[in-house]
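Below is coords01.txt, which holds compact mmCIF, C-alpha atoms.
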```txt
# COMPACT_ATOMS: atom_id res chain seq x y z
CA LEU A 1 128.76 69.38 90.29
CA LYS A 2 128.87 67.32 87.09
CA GLU A 3 129.76 63.66 86.71
CA THR A 4 130.56 62.06 83.37
CA ALA A 5 130.73 58.53 81.99
CA GLU A 6 132.28 57.96 78.56
CA PHE A 7 131.69 54.96 76.29
CA GLU A 8 133.45 53.86 73.09
CA ALA A 9 132.10 51.40 70.53
CA VAL A 10 134.01 48.14 70.17
CA PRO A 11 135.93 47.80 66.85
CA TYR A 12 134.00 44.71 65.76
CA ASP A 13 130.40 43.59 65.21
CA HIS A 14 128.66 43.40 68.57
CA TRP A 15 126.55 40.32 69.28
CA ARG A 16 123.52 42.46 70.15
CA VAL A 17 123.62 45.55 67.95
CA ASN A 18 126.19 47.94 66.54
CA PRO A 19 125.81 51.46 67.96
CA GLU A 20 125.02 54.43 65.76
CA PHE A 21 127.71 56.52 67.44
CA LYS A 22 131.37 55.67 67.95
CA ASN A 23 131.54 57.62 71.20
CA LEU A 24 128.92 58.40 73.84
CA LYS A 25 129.35 60.68 76.83
CA ILE A 26 126.66 60.86 79.52
CA THR A 27 126.89 63.74 81.97
CA THR A 28 124.77 64.24 85.06
CA SER A 29 124.18 67.84 86.08
CA PRO A 30 121.51 68.70 88.67
CA GLU A 31 120.94 72.31 87.55
CA ASP A 32 118.28 72.74 84.86
CA LEU A 33 119.78 75.91 83.40
CA THR A 34 123.23 74.33 83.33
CA ARG A 35 121.91 71.44 81.23
CA LEU A 36 120.19 73.87 78.87
CA ALA A 37 123.40 75.89 78.54
CA MET A 38 125.33 72.71 77.76
CA LEU A 39 122.94 72.03 74.88
CA LEU A 40 122.97 75.58 73.49
CA THR A 41 126.78 75.83 73.60
CA GLY A 42 127.35 72.43 71.99
CA GLU A 43 128.76 70.77 75.09
CA ALA A 44 125.81 68.35 74.96
CA ASN A 45 123.75 67.13 72.01
CA MET A 46 120.65 66.09 73.95
CA VAL A 47 119.41 67.03 77.42
CA ASP A 48 116.52 66.53 79.79
CA VAL A 49 115.12 69.87 80.98
CA PRO A 50 111.78 70.97 82.48
CA LYS A 51 109.02 71.80 80.04
CA VAL A 52 109.09 75.46 81.10
CA LEU A 53 112.47 75.70 79.33
CA HIS A 54 111.40 74.02 76.09
CA GLU A 55 110.36 77.22 74.32
CA GLN A 56 113.72 78.82 75.00
CA ALA A 57 115.46 75.79 73.49
CA ILE A 58 113.15 75.75 70.47
CA ASP A 59 113.82 79.45 69.87
CA GLU A 60 117.51 78.55 69.63
CA GLY A 61 116.84 75.92 66.97
CA MET A 62 116.61 72.86 69.17
CA GLU A 63 114.02 70.09 68.76
CA VAL A 64 111.85 68.38 71.38
CA PHE A 65 111.42 64.61 71.18
CA GLU A 66 108.32 63.28 72.93
CA SER A 67 107.27 59.71 73.72
CA PRO A 68 104.17 58.57 71.78
CA LEU A 69 102.21 57.72 74.95
CA PRO A 70 102.30 58.83 78.60
CA SER A 71 105.16 56.84 80.05
CA VAL A 72 106.37 58.74 83.09
CA GLY A 73 104.37 59.82 86.09
CA LEU A 74 104.98 62.11 89.02
CA THR A 75 103.72 60.92 92.36
CA ILE A 76 104.52 62.06 95.89
CA LEU A 77 105.32 59.42 98.50
CA PRO A 78 104.77 59.88 102.25
CA PHE A 79 107.48 57.56 103.55
CA GLY A 80 107.51 55.77 106.88
CA GLN A 81 104.27 53.78 106.50
CA TYR A 82 105.93 50.70 108.00
CA TYR A 83 102.75 48.96 109.10
CA VAL A 84 104.01 45.39 108.46
CA THR A 85 107.67 45.34 109.47
CA GLN A 86 107.31 48.14 112.06
CA VAL A 87 111.07 48.67 111.72
CA ASN A 88 111.87 52.37 112.31
CA TRP A 89 108.14 53.08 112.45
CA ASN A 90 107.37 56.37 114.25
CA PRO A 91 103.59 56.88 114.20
CA ASP A 92 103.63 59.16 117.26
CA THR A 93 105.84 61.78 115.63
CA GLU A 94 104.89 61.18 111.98
CA PRO A 95 101.09 61.38 111.82
CA TRP A 96 100.97 60.56 108.09
CA ALA A 97 102.26 57.12 109.13
CA ALA A 98 99.85 56.68 112.04
CA PRO A 99 97.59 53.63 111.94
CA GLY A 100 93.88 53.68 111.17
CA GLU A 101 91.77 56.77 110.63
CA THR A 102 94.40 59.14 112.01
CA GLY A 103 96.85 58.32 109.25
CA ASN A 104 94.09 58.21 106.65
CA LYS A 105 92.84 61.70 107.54
CA VAL A 106 96.31 63.21 107.61
CA ARG A 107 97.17 61.74 104.21
CA GLU A 108 93.84 62.91 102.81
CA ALA A 109 94.65 66.39 104.10
CA LEU A 110 98.03 66.31 102.34
CA ASN A 111 96.27 65.31 99.12
CA ARG A 112 93.63 68.04 99.41
CA ALA A 113 96.26 70.70 100.09
CA ILE A 114 97.74 70.30 96.61
CA ASP A 115 96.46 72.13 93.54
CA ARG A 116 97.17 69.52 90.86
CA GLU A 117 95.68 71.64 88.09
CA GLN A 118 98.14 74.41 88.85
CA ILE A 119 101.06 71.97 88.85
CA ILE A 120 100.03 70.45 85.52
CA ASN A 121 99.36 73.79 83.82
CA GLU A 122 102.28 75.80 85.17
CA LEU A 123 105.10 73.31 85.75
CA PHE A 124 104.21 70.88 82.97
CA LYS A 125 102.74 73.50 80.61
CA GLY A 126 99.49 71.54 80.39
CA ARG A 127 101.25 68.55 78.80
CA GLY A 128 100.05 65.87 81.16
CA GLU A 129 97.03 63.89 82.26
CA PRO A 130 95.90 63.58 85.89
CA MET A 131 97.12 60.54 87.78
CA TYR A 132 94.32 58.99 89.83
CA ASN A 133 96.16 56.20 91.65
CA THR A 134 99.91 55.70 91.95
CA THR A 135 101.27 52.91 89.68
CA PHE A 136 97.80 52.29 88.18
CA HIS A 137 96.62 53.32 84.71
CA HIS A 138 93.51 52.68 82.64
CA SER A 139 95.64 50.74 80.13
CA LEU A 140 96.86 48.27 82.77
CA GLU A 141 95.23 45.40 84.64
CA GLY A 142 93.33 46.18 87.82
CA TRP A 143 92.06 49.59 86.75
CA ASN A 144 88.90 50.74 88.52
CA PRO A 145 86.95 53.52 86.73
CA ARG A 146 85.63 54.84 90.04
CA TRP A 147 89.08 56.17 90.92
CA GLU A 148 88.71 58.76 88.19
CA GLU A 149 84.97 59.28 88.77
CA GLU A 150 85.38 59.93 92.51
CA PHE A 151 88.71 61.76 92.37
CA GLU A 152 87.39 65.28 92.73
CA GLU A 153 85.19 64.22 95.65
CA LYS A 154 87.93 62.33 97.48
CA TYR A 155 91.16 64.04 96.41
CA GLY A 156 90.13 67.43 95.02
CA TYR A 157 91.96 70.62 95.95
CA ASP A 158 90.31 72.00 99.10
CA PRO A 159 92.70 73.59 101.61
CA GLU A 160 89.90 74.45 104.04
CA ARG A 161 88.78 70.82 104.13
CA ALA A 162 92.44 69.84 104.57
CA LYS A 163 92.63 72.00 107.69
CA GLN A 164 89.41 70.43 109.03
CA LEU A 165 90.82 66.95 108.47
CA LEU A 166 93.95 67.79 110.45
CA ASP A 167 91.77 69.14 113.26
CA GLU A 168 89.71 65.94 113.21
CA ALA A 169 92.88 63.83 113.24
CA GLY A 170 93.98 65.54 116.45
CA PHE A 171 96.44 68.12 115.13
CA PRO A 172 94.85 71.54 115.66
CA GLY A 173 98.23 73.15 116.31
CA ASP A 174 98.45 76.68 117.66
CA ASN A 175 95.53 78.47 116.03
CA GLY A 176 95.95 76.25 113.00
CA GLN A 177 99.73 76.63 112.78
CA ASP A 178 102.63 74.34 113.73
CA ARG A 179 100.40 71.28 113.60
CA PHE A 180 103.38 68.94 113.18
CA TYR A 181 106.83 68.87 111.59
CA LEU A 182 107.34 67.45 108.11
CA GLU A 183 110.33 67.33 105.77
CA VAL A 184 109.89 67.55 102.01
CA TRP A 185 112.96 66.22 100.25
CA GLN A 186 113.73 67.49 96.77
CA SER A 187 115.96 65.70 94.30
CA SER A 188 116.50 66.00 90.56
CA LEU A 189 115.51 62.88 88.62
CA PRO A 190 116.35 61.95 85.01
CA GLY A 191 113.21 61.87 82.92
CA LEU A 192 111.32 64.16 85.28
CA PRO A 193 113.33 67.32 86.00
CA GLU A 194 110.21 69.08 87.32
CA THR A 195 110.53 67.25 90.66
CA ILE A 196 112.49 70.16 92.17
CA GLU A 197 109.78 72.71 91.42
CA VAL A 198 107.06 70.28 92.50
CA ALA A 199 108.76 69.75 95.86
CA GLN A 200 108.87 73.50 96.46
CA THR A 201 105.24 73.92 95.39
CA VAL A 202 103.85 71.18 97.63
CA ALA A 203 105.97 72.35 100.57
CA GLN A 204 104.26 75.74 100.32
CA SER A 205 100.87 74.01 100.04
CA PHE A 206 101.53 72.07 103.24
CA GLU A 207 102.63 75.25 105.02
CA ASP A 208 99.39 76.90 103.94
CA ILE A 209 97.37 74.35 105.95
CA GLY A 210 99.48 74.89 109.06
CA ILE A 211 102.19 72.23 108.82
CA ASP A 212 105.74 73.13 109.87
CA VAL A 213 107.64 72.22 106.68
CA LYS A 214 111.35 72.04 105.96
CA ILE A 215 112.68 71.55 102.41
CA VAL A 216 115.77 69.34 102.25
CA GLU A 217 117.78 69.28 99.01
CA VAL A 218 119.52 65.94 98.50
CA GLU A 219 121.04 63.73 95.84
CA PHE A 220 118.54 61.01 94.96
CA ALA A 221 121.08 58.37 96.03
CA ARG A 222 120.77 59.62 99.60
CA ALA A 223 116.98 59.34 99.51
CA LEU A 224 117.24 55.88 97.96
CA ASP A 225 119.58 54.79 100.73
CA ALA A 226 117.10 56.01 103.34
CA PHE A 227 113.95 54.36 102.00
CA ARG A 228 115.35 51.25 100.31
CA ASP A 229 118.60 50.28 102.04
CA GLN A 230 118.10 51.64 105.56
CA HIS A 231 114.28 51.28 105.73
CA ASP A 232 114.45 54.52 107.68
CA ALA A 233 112.70 57.19 105.60
CA HIS A 234 110.59 59.82 107.35
CA PHE A 235 109.89 62.44 104.72
CA ILE A 236 107.73 63.35 101.73
CA LEU A 237 109.38 62.94 98.32
CA PRO A 238 108.18 63.63 94.76
CA VAL A 239 109.38 60.75 92.59
CA ARG A 240 109.18 59.46 89.05
CA GLN A 241 106.74 56.63 88.37
CA THR A 242 106.98 54.41 85.32
CA LEU A 243 103.82 52.97 83.79
CA ARG A 244 104.51 49.25 83.59
CA GLN A 245 103.18 45.83 84.51
CA ILE A 246 101.81 45.84 88.06
CA ASN A 247 104.07 43.06 89.39
CA ALA A 248 107.12 45.29 89.06
CA ASN A 249 105.50 48.38 90.54
CA ALA A 250 103.86 46.44 93.37
CA ARG A 251 107.26 45.20 94.50
CA ILE A 252 108.85 48.63 94.16
CA TYR A 253 106.18 50.67 95.94
CA TYR A 254 104.05 48.44 98.15
CA TYR A 255 105.97 45.29 99.07
CA ALA A 256 107.25 44.84 102.64
CA GLY A 257 109.91 42.34 101.61
CA GLY A 258 108.20 39.10 102.59
CA GLY A 259 110.02 38.91 105.91
CA LYS A 260 113.50 39.00 104.36
CA THR A 261 116.11 40.81 106.46
CA ASN A 262 119.82 41.53 106.17
CA ALA A 263 122.56 41.06 108.76
CA ALA A 264 121.51 44.30 110.45
CA GLY A 265 117.93 43.07 110.78
CA LEU A 266 116.60 45.52 108.19
CA PRO A 267 113.92 44.42 105.71
CA THR A 268 115.03 43.65 102.17
CA GLY A 269 113.13 42.71 99.05
CA GLY A 270 111.06 45.85 98.76
CA VAL A 271 112.04 49.37 97.72
CA ALA A 272 109.68 52.11 98.92
CA TYR A 273 108.02 50.03 101.67
CA ILE A 274 104.54 51.54 101.74
CA GLU A 275 103.40 48.53 103.69
CA SER A 276 100.23 46.53 104.20
CA PRO A 277 99.62 42.80 104.75
CA LEU A 278 97.15 43.00 101.86
CA TYR A 279 99.82 44.29 99.48
CA ASP A 280 102.25 41.51 100.40
CA GLU A 281 99.57 38.88 99.98
CA THR A 282 98.54 40.30 96.61
CA TYR A 283 102.11 40.49 95.34
CA HIS A 284 102.78 36.84 96.15
CA LYS A 285 99.54 35.75 94.50
CA LEU A 286 100.33 37.73 91.36
CA LEU A 287 103.65 35.91 90.99
CA LYS A 288 101.71 32.66 90.48
CA GLU A 289 98.32 33.68 89.09
CA THR A 290 97.90 33.46 85.30
CA ASP A 291 94.14 33.87 84.87
CA PRO A 292 93.57 37.43 83.56
CA GLU A 293 90.23 37.92 85.31
CA GLU A 294 91.57 36.77 88.67
CA ARG A 295 94.67 38.93 88.31
CA HIS A 296 92.46 41.90 87.50
CA ARG A 297 90.36 41.23 90.60
CA LEU A 298 93.39 40.90 92.89
CA VAL A 299 95.05 44.04 91.57
CA GLN A 300 91.84 46.05 91.81
CA ILE A 301 91.32 45.09 95.46
CA MET A 302 94.84 46.30 96.26
CA GLY A 303 94.31 49.46 94.21
CA ASP A 304 91.05 50.21 96.01
CA ASP A 305 92.81 50.04 99.37
CA ILE A 306 95.67 52.28 98.20
CA TYR A 307 93.14 54.78 96.86
CA ASP A 308 90.70 54.73 99.77
CA THR A 309 93.39 55.05 102.45
CA TYR A 310 95.33 57.78 100.63
CA ARG A 311 98.62 55.89 100.72
CA THR A 312 100.23 58.18 98.15
CA ILE A 313 99.75 61.59 96.56
CA PRO A 314 99.21 60.94 92.83
CA VAL A 315 99.76 63.97 90.60
CA VAL A 316 100.29 63.59 86.85
CA ASN A 317 101.24 61.25 84.00
CA VAL A 318 103.26 62.82 81.20
CA ARG A 319 104.91 61.92 77.95
CA ALA A 320 108.66 61.70 78.37
CA THR A 321 110.59 64.45 76.60
CA LEU A 322 114.17 65.15 75.61
CA VAL A 323 115.53 68.26 73.89
CA ALA A 324 118.19 67.78 71.21
CA ASN A 325 120.29 69.54 68.62
CA PRO A 326 118.72 68.31 65.35
CA GLU A 327 122.05 68.67 63.54
CA GLU A 328 123.45 65.93 65.78
CA VAL A 329 120.40 63.81 66.72
CA ALA A 330 117.85 63.09 64.00
CA GLU A 331 115.52 60.84 66.01
CA TYR A 332 115.18 59.18 69.41
CA ASN A 333 113.26 56.06 70.39
CA PHE A 334 112.06 56.07 73.98
CA GLY A 335 112.72 52.97 76.08
CA SER A 336 109.98 50.60 77.21
CA LEU A 337 111.25 50.06 80.76
CA THR A 338 111.66 53.55 82.20
CA GLY A 339 109.95 55.54 79.47
CA VAL A 340 113.18 57.47 78.86
```
Please express the file's structure as structure tokens.
Amino acid sequence: LKETAEFEAVPYDHWRVNPEFKNLKITTSPEDLTRLAMLLTGEANMVDVPKVLHEQAIDEGMEVFESPLPSVGLTILPFGQYYVTQVNWNPDTEPWAAPGETGNKVREALNRAIDREQIINELFKGRGEPMYNTTFHHSLEGWNPRWEEEFEEKYGYDPERAKQLLDEAGFPGDNGQDRFYLEVWQSSLPGLPETIEVAQTVAQSFEDIGIDVKIVEVEFARALDAFRDQHDAHFILPVRQTLRQINANARIYYYAGGGKTNAAGLPTGGVAYIESPLYDETYHKLLKETDPEERHRLVQIMGDDIYDTYRTIPVVNVRATLVANPEEVAEYNFGSLTGV
């Protein structure tokens, strides 16, 4: 399935900027090899494909454009942590969303089940830096060096410890199998085509520690509807993270909506809804606070809680890449908002 949008430049000077191209066609195609074939056959001039396909494109005379700094991250979100709104909250059947130490231990187990080094080296061809806390980066306010210093101790790959944590959390299963049911949704995302392979890799990692896993392939719009519009997401999903000012990311990932609801009584105002009263309080304070030291302190407190309670599964930050036909595209400037 491919969908296309076509644009044509206006025949006069535009108030903002005149485009370099008279016509622009943007096509969405979920299959990686299809996008590569479109580039190699001339159907497309520039495509977004996983890094494992870059060498094949280069061998055919194509060129890889890369952002100057890490701008896109891959993190994995355990949805359903509706601790504030408690709308569609199912802690009894979704232990990663359980309150207190039960949820913490289950989420730690999910983190320890994943071999991040393998993901970075094999799926991203070593072209990435470890992510230590979702939405946080050492170049942004609120960074705490201990997140990197303690990462191996707290998050390091250790499947045997992951199994012990699930036992301690009360999910021994049947001889270590069928501990609980979990869906991993996989969806292709512009700017991070590796999400499909990552979803399959982590699903296997979760199965290896005794979790009953089902992979569900969906269009991202369906996942977005579940976690943002319906506030009714009960799955694990690898997603793209953009490195940007914390106010924006706090609202997208950690805000419970401030009590706003729609006509159906569903929360609005947030996006991912990984909820905590602390995160709401911090977000509202950041909207008003201008003192850099106080902002840093507020953000770091929130970041410490996210890190210490294993709210997410951080994986890797990478430089955004696009592969182009150099005869058609001489250069490309990456955007500041999404990194792509």
Using all atoms listed in the file, find each residue of range 81-133 of chain A with at least one atom at most 6 Å away from an atom of range 152-166 of chain A; report its shortest atom-to-atom pair and that distance in Å (one decimal), sort the rows by chain and rising residue number, and return the result as a tab-separated table.
```
residue	atom	partner	partner_atom	distance
A:Lys105	CA	A:Leu165	CA	5.7
A:Val106	CA	A:Leu166	CA	5.9
A:Ala109	CA	A:Ala162	CA	4.1
A:Asn111	CA	A:Tyr155	CA	5.9
A:Arg112	CA	A:Tyr157	CA	4.6
A:Ala113	CA	A:Pro159	CA	4.8
A:Ile114	CA	A:Tyr157	CA	5.8
A:Asp115	CA	A:Tyr157	CA	5.3
```
Have a look at A:Pro95, A:Gly257, A:Pro292, A:Pro50 and name the one nearest to Glu197 in chain A; count all atoms listed in the file.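 Ranking A:Pro95, A:Gly257, A:Pro292, A:Pro50 by distance to Glu197 in chain A, first place goes to A:Pro50.
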Worksheet entry | Best match for closeness to Glu289 in chain A among A:Ala221, A:Ala44, A:Trp143, A:Asn247, counting all atoms listed in the file |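 So, comparing all the options, the nearest one is A:Asn247.
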Judged by all atoms listed in the file, the minimum distance to Ser276 in chain A among A:Leu39, A:Ala97, A:Val329, A:Ile26 is found for A:Ala97
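Excluding Val52 in chain A itself and any same-chain residue fewer than 3 positions from it, the protein and nucleic acid residues within 7 Å of it, counting all atoms listed in the file, are Leu123, Phe124 and Lys125 of chain A.
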Once you have the residues from the selection above, write them out as a PDB file, in the frame of the given file, restricted to C-alpha atoms.
```pdb
ATOM      1  CA  LEU A 123     105.100  73.310  85.750  1.00  0.00           C
ATOM      2  CA  PHE A 124     104.210  70.880  82.970  1.00  0.00           C
ATOM      3  CA  LYS A 125     102.740  73.500  80.610  1.00  0.00           C
TER       4      LYS A 125
END
```
From the list A:Phe7, A:Phe136, A:Tyr283, A:Phe235, the nearest residue to Arg251 in chain A using only C-alpha atoms is A:Tyr283
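Between CA of Ser187 in chain A and CA of Phe227 in chain A the separation is 13.9 Å.
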To one decimal place, how far is CA of Thr321 in chain A from CA of Leu77 in chain A in Å?
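Going from CA of Thr321 in chain A over to CA of Leu77 in chain A, I get 23.1 Å.
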Quick one: residues within 6 Å of Thr309 in chain A, all atoms listed in the file counted, chain neighbours fewer than 3 positions away excluded, as a PDB file with C-alpha atoms, in the coordinates of the input?
```
ATOM      1  CA  ASN A 104      94.090  58.210 106.650  1.00  0.00           C
ATOM      2  CA  ASP A 305      92.810  50.040  99.370  1.00  0.00           C
ATOM      3  CA  ILE A 306      95.670  52.280  98.200  1.00  0.00           C
TER       4      ILE A 306
END
```
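Compared by their closest atoms to Met38 in chain A, and using all atoms listed in the file, the residues A:Glu6, A:Ala324, A:Ile120, A:Gly259 rank with A:Ala324 nearest.
All protein and nucleic acid residues in the vicinity of (96.1, 50.1, 77.4), that is within 12 Å when counting all atoms listed in the file, are Leu69, Pro70, Ser71, Phe136, His137, His138, Ser139, Leu140, Glu141, Gly142, Trp143, Leu243, Arg244 and Gln245 of chain A.
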Expected file contents, prior selection, C-alpha atoms, as a PDB file, in the frame of the given file:
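Once written, part.pdb looks like this:
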```
ATOM      1  CA  LEU A  69     102.210  57.720  74.950  1.00  0.00           C
ATOM      2  CA  PRO A  70     102.300  58.830  78.600  1.00  0.00           C
ATOM      3  CA  SER A  71     105.160  56.840  80.050  1.00  0.00           C
ATOM      4  CA  PHE A 136      97.800  52.290  88.180  1.00  0.00           C
ATOM      5  CA  HIS A 137      96.620  53.320  84.710  1.00  0.00           C
ATOM      6  CA  HIS A 138      93.510  52.680  82.640  1.00  0.00           C
ATOM      7  CA  SER A 139      95.640  50.740  80.130  1.00  0.00           C
ATOM      8  CA  LEU A 140      96.860  48.270  82.770  1.00  0.00           C
ATOM      9  CA  GLU A 141      95.230  45.400  84.640  1.00  0.00           C
ATOM     10  CA  GLY A 142      93.330  46.180  87.820  1.00  0.00           C
ATOM     11  CA  TRP A 143      92.060  49.590  86.750  1.00  0.00           C
ATOM     12  CA  LEU A 243     103.820  52.970  83.790  1.00  0.00           C
ATOM     13  CA  ARG A 244     104.510  49.250  83.590  1.00  0.00           C
ATOM     14  CA  GLN A 245     103.180  45.830  84.510  1.00  0.00           C
TER      15      GLN A 245
END
```
Exercise. Would you mind reading off the distance between CA of Glu275 in chain A and CA of Arg319 in chain A, one decimal, in Å?
Key: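 If I compute the distance from CA of Glu275 in chain A to CA of Arg319 in chain A, I get 29.1 Å.
Using all atoms listed in the file, the residues found no farther than 10 Å from Gly126 in chain A, other than those of its own chain fewer than 5 positions away, are Lys51, Glu117, Gln118, Ile119, Ile120, Asn121 and Val318 of chain A.
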- Task: Excluding Gly270 in chain A and residues on its chain fewer than 4 positions from it, collect all residues at most 8 Å away from it, counting only C-alpha atoms, and give them as an NGL selection string.
- Result: :A and (228 or 251-257)
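Using all atoms listed in the file, the shortest contact distance between Val218 in chain A and any of A:Leu322, A:Leu237, A:Val17, A:Ala263 is found at A:Leu237.
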Legend entry - Protein and nucleic acid residues near (92.5, 57.7, 101.6) (cut-off 7 Å, only C-alpha atoms) as a count of residues only: 8
Exercise on range 298-307 of chain A, axis-aligned box with 4 Å per side, report centre and edge lengths in Å to one decimal, as AutoDock Vina command-line options:
```
--center_x 93.4 --center_y 47.8 --center_z 95.5 --size_x 12.6 --size_y 21.9 --size_z 15.8
```
Requested in this report: Would you mind listing what lies within 9 Å of Val64 in chain A as a PyMOL selection string, with all atoms listed in the file counted and same-chain residues fewer than 2 positions away left out?
Outcome: chain A and resi 54+57-58+62+66+321-325
